[in-house]
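Read the structure below first, then the notes.
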Amino acid sequence: MGAILRNPKCALFAICLLPLVRLVVLGAGSGLGANPIEFITHSTGTWTLVWLLVTLSVTPLRRLTGRAELIRYRRMLGLFAFFYACLHVITYLWLDQFFDLAAIAKDIVKRPFITFGFAAFVLFIPLAATSTHAMMRRLGRRWQRLHRLIYPMALLGVIHYLWLVKKDLTQPLIFGAVLVFLLALRLPWGLSALRAVSNRLLAISAQRAGRDAVSPGIHAIKQGGRFMRSK
């Protein structure tokens, strides 16, 4: 126990497991309510969004505080979000639909909140599959472009939750507000990066324009030199 408390990664790992431990304890003590399947589905879906938003908060928090070491925890948080997303989907496929593929396909087509939820999960798969350092090295710059899918994926997840809830929209609206806030925090750095790219492109264009302007003069000097030698 002392080793866990001394190691931040171990402590975070234990904290991320607490929602699952809670479900196991409640299930063992018949504490999942009158509809256990619905309780598990909602719980795993909620914690998927929680860890996803916590993952999205790492980068702006690192930039605002200057704590570069925070980036070490982002992958673990993202993988735990994927873990709870898998539990969420498996609960629906197994306990709710009993792997009835025809009923599942019908649900995905006819119920928009399930359509959005499955779309979010499909986007999540390549992010989890390429989360290793080896895949980062292999993909290079493409890795960063691929992992920008986290933004539309998070939006789809929030919409999925919003459309699922029929009465009290407080919790999904809170998730939506947090997501908008986290995306807004990225705007200054995104605009700065865009300006840097624009300035670089302008500099390259100016260099090329300068070379194009100098080339005719160099060509004329060479031609003149050949003419004088021939004389």
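By order in the structure tokens, chains are A, B, ...; within a chain, residues start at 1; ligands start at 1, following the order shown.
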
Within 8 Å of segment 171-176 of chain A, counting only C-alpha atoms, which residues show up once you throw out same-chain ones fewer than 4 positions away? Write them as a list in words, please. Leu49, Leu155, Val158, Tyr161, Leu162, Val165 and Val180 of chain A

Taking C-alpha atoms for each residue, export the selection above as a short mmCIF file (atom, residue, chain, number, x, y, z; two decimals), in the first residue's frame.
```
data_model
loop_
_atom_site.label_atom_id
_atom_site.label_comp_id
_atom_site.auth_asym_id
_atom_site.auth_seq_id
_atom_site.Cartn_x
_atom_site.Cartn_y
_atom_site.Cartn_z
CA LEU A 49 -16.77 10.20 -20.35
CA LEU A 155 -18.39 15.21 -28.93
CA VAL A 158 -21.55 13.65 -25.08
CA TYR A 161 -25.36 10.65 -23.39
CA LEU A 162 -27.54 13.73 -23.99
CA VAL A 165 -31.28 10.84 -20.98
CA VAL A 180 -16.51 22.95 -24.66
#
```

What separation in Å, quoted to one decimal, exists between atom CA of Leu123 of chain A and atom CA of Cys16 of chain A?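 Going from atom CA of Leu123 of chain A over to atom CA of Cys16 of chain A, I get 21.8 Å.
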
Would you compute the distance between atom CA of Met76 of chain A and atom CA of Val122 of chain A? Give it in Å to one decimal.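 Computing it gives 19.3 Å between the two atoms.
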
Near segment 6-11 of chain A, counting only C-alpha atoms, which residues have an atom at most 12 Å away, once you skip same-chain residues fewer than 5 positions from it, shown as a PyMOL selection string? chain A and resi 1+16-18+69-77

Would you pick out the contacts of Leu95 of chain A at 12 Å or less, using only C-alpha atoms, so that residues sharing its chain but fewer than 5 positions from it are not included, and give the list as a compact mmCIF listing (two decimals) with C-alpha atoms, in the first residue's frame?
```txt
# COMPACT_ATOMS: atom_id res chain seq x y z
CA ASN A 35 -32.44 -2.90 -13.14
CA PRO A 36 -28.81 -4.05 -12.76
CA ILE A 37 -28.10 -4.01 -16.50
CA GLU A 38 -29.18 -0.39 -16.82
CA PHE A 39 -27.16 0.53 -13.72
CA ILE A 40 -23.99 -1.08 -15.13
CA THR A 41 -24.54 0.44 -18.59
CA LEU A 87 -17.23 -2.52 -20.61
CA HIS A 88 -20.06 -0.19 -21.66
CA VAL A 89 -20.34 -1.71 -25.14
CA ILE A 90 -19.96 -5.30 -23.89
CA ASP A 100 -28.46 -10.70 -31.24
```

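With only C-alpha atoms as the atoms that count, the minimum distance from Leu185 of chain A to the choices A:Ser57, A:Ser30, A:Thr132, A:Gln144 is reached by A:Ser57.
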
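Between atom CA of His147 of chain A and atom CA of Ile114 of chain A the interatomic distance comes to 22.9 Å.
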
Go through A:Val178, A:Leu164, A:Leu56, A:Leu139 and flag the residue nearest Tyr151 of chain A, using only C-alpha atoms for the distances.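 Among A:Val178, A:Leu164, A:Leu56, A:Leu139, it is A:Leu56 that comes nearest to Tyr151 of chain A.
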